[in-house]
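Q: Hey, dropping start15.tsv in here, TSV, C-alpha atoms:
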chain	number	residue	atom	x	y	z
A	1	MET	CA	4.15	33.77	-9.59
A	2	ASN	CA	1.34	31.35	-8.81
A	3	ILE	CA	3.05	28.13	-7.72
A	4	GLN	CA	1.19	24.89	-7.09
A	5	ILE	CA	3.02	21.82	-5.83
A	6	PHE	CA	1.21	18.54	-6.41
A	7	GLY	CA	2.87	15.84	-4.36
A	8	LYS	CA	2.66	13.24	-1.64
A	9	ASN	CA	3.30	14.15	1.99
A	10	LYS	CA	5.72	11.25	2.42
A	11	CYS	CA	7.67	11.99	-0.78
A	12	PHE	CA	11.24	13.17	-0.21
A	13	ASP	CA	11.42	15.17	-3.47
A	14	THR	CA	8.12	16.91	-2.68
A	15	LYS	CA	9.54	18.03	0.67
A	16	LYS	CA	12.72	19.22	-1.07
A	17	ALA	CA	10.62	21.26	-3.54
A	18	GLN	CA	8.63	22.84	-0.70
A	19	ARG	CA	11.87	23.73	1.09
A	20	TRP	CA	13.33	25.22	-2.12
A	21	PHE	CA	10.39	27.62	-2.52
A	22	LYS	CA	10.25	28.45	1.23
A	23	GLU	CA	13.97	29.33	1.30
A	24	ARG	CA	13.38	31.85	-1.50
A	25	GLY	CA	10.28	33.32	0.11
A	26	ILE	CA	8.05	32.21	-2.76
A	27	LYS	CA	4.49	31.42	-1.73
A	28	PHE	CA	3.02	28.18	-3.02
A	29	GLN	CA	-0.05	26.04	-2.66
A	30	MET	CA	0.55	22.40	-1.68
A	31	ILE	CA	-1.91	19.77	-2.94
A	32	ASP	CA	-1.58	16.23	-1.57
A	33	LEU	CA	-2.29	13.86	-4.46
A	34	ALA	CA	-3.16	11.04	-2.06
A	35	GLN	CA	-6.07	13.05	-0.63
A	36	LYS	CA	-7.09	15.35	-3.47
A	37	GLY	CA	-5.98	14.71	-7.02
A	38	MET	CA	-5.73	17.09	-9.95
A	39	SER	CA	-8.75	18.38	-11.80
A	40	LYS	CA	-9.09	17.49	-15.48
A	41	GLY	CA	-8.15	21.06	-16.44
A	42	GLU	CA	-5.04	21.02	-14.24
A	43	LEU	CA	-3.95	17.67	-15.68
A	44	ASP	CA	-4.46	18.90	-19.26
A	45	SER	CA	-2.41	22.03	-18.52
A	46	VAL	CA	0.42	19.99	-16.99
A	47	LEU	CA	0.36	17.55	-19.93
A	48	ARG	CA	0.73	20.42	-22.42
A	49	ALA	CA	3.72	21.71	-20.42
A	50	VAL	CA	5.56	18.40	-19.93
A	51	GLY	CA	4.73	16.95	-23.33
A	52	SER	CA	3.65	13.38	-22.62
A	53	LEU	CA	1.59	11.24	-20.32
A	54	ASP	CA	4.55	8.90	-19.78
A	55	ALA	CA	6.50	11.75	-18.14
A	56	LEU	CA	3.83	11.92	-15.44
A	57	ILE	CA	3.40	8.22	-14.68
A	58	ASP	CA	5.39	6.74	-11.78
A	59	GLU	CA	6.44	3.19	-12.70
A	60	LYS	CA	7.35	2.55	-9.05
A	61	SER	CA	3.88	3.32	-7.66
A	62	ARG	CA	1.84	0.52	-6.11
A	63	GLY	CA	-0.98	0.80	-8.64
A	64	TYR	CA	1.24	0.99	-11.73
A	65	ALA	CA	0.12	-2.47	-12.91
A	66	SER	CA	-3.42	-1.15	-13.33
A	67	LEU	CA	-2.08	1.50	-15.75
A	68	ALA	CA	0.37	-0.68	-17.62
A	69	TYR	CA	-2.35	-2.64	-19.41
A	70	LEU	CA	-4.40	0.35	-20.57
A	71	ALA	CA	-3.83	0.88	-24.30
A	72	TYR	CA	-5.37	4.31	-24.81
A	73	ASP	CA	-4.04	7.59	-23.41
A	74	GLU	CA	-7.57	8.74	-22.53
A	75	ASP	CA	-8.04	5.66	-20.30
A	76	ARG	CA	-4.65	6.23	-18.67
A	77	LYS	CA	-5.51	9.89	-18.10
A	78	GLU	CA	-8.80	8.90	-16.41
A	79	LYS	CA	-6.90	6.49	-14.16
A	80	LEU	CA	-4.47	9.29	-13.18
A	81	LEU	CA	-7.42	11.54	-12.32
A	82	GLU	CA	-8.92	8.77	-10.15
A	83	ASP	CA	-5.67	7.93	-8.37
A	84	GLY	CA	-3.18	10.77	-7.99
A	85	THR	CA	-0.64	8.49	-6.30
A	86	LEU	CA	0.18	7.06	-9.75
A	87	MET	CA	1.96	10.30	-10.70
A	88	LYS	CA	5.63	11.09	-10.32
A	89	THR	CA	6.07	13.79	-7.74
A	90	PRO	CA	6.39	16.63	-7.26
A	91	VAL	CA	4.49	18.18	-10.14
A	92	VAL	CA	5.22	21.90	-9.83
A	93	ARG	CA	3.00	24.23	-11.80
A	94	ASN	CA	3.35	27.94	-12.49
A	95	GLY	CA	0.49	29.03	-14.74
A	96	ARG	CA	1.06	27.28	-18.06
A	97	GLN	CA	4.53	26.05	-17.10
A	98	ALA	CA	5.07	22.80	-15.23
A	99	THR	CA	7.80	20.39	-14.21
A	100	VAL	CA	7.79	16.80	-12.98
A	101	GLY	CA	10.30	15.92	-10.30
A	102	TYR	CA	12.78	18.11	-8.43
A	103	CYS	CA	13.91	20.72	-11.00
A	104	PRO	CA	15.36	23.81	-9.29
A	105	GLU	CA	17.31	24.77	-12.45
A	106	VAL	CA	13.97	25.26	-14.25
A	107	TRP	CA	12.23	26.97	-11.31
A	108	GLU	CA	15.03	29.56	-11.08
A	109	LYS	CA	14.12	30.76	-14.58
A	110	TRP	CA	10.51	31.29	-13.46
A	111	GLU	CA	11.51	33.98	-10.93
How does this structure look as structure tokens?
A:
Amino acid sequence: MNIQIFGKNKCFDTKKAQRWFKERGIKFQMIDLAQKGMSKGELDSVLRAVGSLDALIDEKSRGYASLAYLAYDEDRKEKLLEDGTLMKTPVVRNGRQATVGYCPEVWEKWE
């Protein structure tokens, strides 16, 4: 398993996800979206796994207003690449599989 957790250091669900993997002895790589966002390839892979751009966008984020008025998905995707804090967290990725939010019932099936 090659687990990547994209999240924010101050996010409660991100910390819960990290704890879930630590308790099971599963190694993971933590990427802080506030400091280093996703690459275009990573974002495309996650989008294929979760199905839609709307599943990734956090309506409660401070910069959500800047996304709300963008009509095209490509523009919204560029904005997500520029500012990772606009994403719901944690985004947990295992190869081509990915989840958004705290989803231990899905992660268990990955083992």
Q: Out of A:Ala71, A:Cys103, A:Val91, A:Met30, which residue has the shortest atom-to-atom distance to Leu56 (chain A) when counting all atoms listed in the file?
A: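 Smallest distance to Leu56 (chain A) is found for A:Val91.
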Q: Which residue gives the smallest distance to Gly95 (chain A) among A:Ser52, A:Ala34, A:Ile3, A:Phe28, with all atoms listed in the file counted?
A: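 Closest to Gly95 (chain A), using all atoms listed in the file: A:Ile3.
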Q: In Å, rounded to a single decimal, give me how far CA of Lys8 (chain A) is from CA of Leu33 (chain A).
A: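 Rounded to one decimal, the two atoms are 5.7 Å apart.
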Q: Using all atoms listed in the file, which of the listed residues (A:Arg96, A:Ile5, A:Gly101, A:Trp107) sits closest to Ser45 (chain A)?
A: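 Distance minimum relative to Ser45 (chain A) lands on A:Arg96.
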Q: Please define a box with edges along x, y and z of the file around all atoms of region 72-80 of chain A given in the file, extend it by 4 Å on each side, and return its centre and edge lengths in Å to one decimal, as JSON.
A:
{"center_x": -6.4, "center_y": 7.1, "center_z": -19.0, "size_x": 12.8, "size_y": 13.6, "size_z": 19.6}
Q: Would you kindly return, as a PDB file with C-alpha atoms, in the coordinates of the input, each protein, DNA or RNA residue with an atom no farther than 10 Å from any atom of Arg76 (chain A), considering only C-alpha atoms and excluding same-chain residues fewer than 4 positions away?
A:
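See selection_0.pdb below for the written result:
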ATOM      1  CA  LEU A  53       1.590  11.240 -20.320  1.00  0.00           C
ATOM      2  CA  ASP A  54       4.550   8.900 -19.780  1.00  0.00           C
ATOM      3  CA  ILE A  57       3.400   8.220 -14.680  1.00  0.00           C
ATOM      4  CA  SER A  66      -3.420  -1.150 -13.330  1.00  0.00           C
ATOM      5  CA  LEU A  67      -2.080   1.500 -15.750  1.00  0.00           C
ATOM      6  CA  ALA A  68       0.370  -0.680 -17.620  1.00  0.00           C
ATOM      7  CA  TYR A  69      -2.350  -2.640 -19.410  1.00  0.00           C
ATOM      8  CA  LEU A  70      -4.400   0.350 -20.570  1.00  0.00           C
ATOM      9  CA  ALA A  71      -3.830   0.880 -24.300  1.00  0.00           C
ATOM     10  CA  TYR A  72      -5.370   4.310 -24.810  1.00  0.00           C
ATOM     11  CA  LEU A  80      -4.470   9.290 -13.180  1.00  0.00           C
ATOM     12  CA  LEU A  81      -7.420  11.540 -12.320  1.00  0.00           C
ATOM     13  CA  GLU A  82      -8.920   8.770 -10.150  1.00  0.00           C
TER      14      GLU A  82
END
Q: My list of candidates is A:Val92, A:Leu43, A:Val106, A:Ala55. Which is closest to Asp13 (chain A) when distances are computed with only C-alpha atoms?
A: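 Counting only C-alpha atoms, the residue closest to Asp13 (chain A) is A:Val92.
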Q: CA of Asp83 (chain A) to CA of Val100 (chain A): how many Å, to one decimal?
A: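 Between CA of Asp83 (chain A) and CA of Val100 (chain A) the gap works out to 16.8 Å.
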Q: Would you work out the distance separating CA of Gly51 (chain A) from CA of Glu23 (chain A), expressed in Å to one decimal?
A: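 Spanning CA of Gly51 (chain A) to CA of Glu23 (chain A) is a straight-line distance of 29.1 Å.
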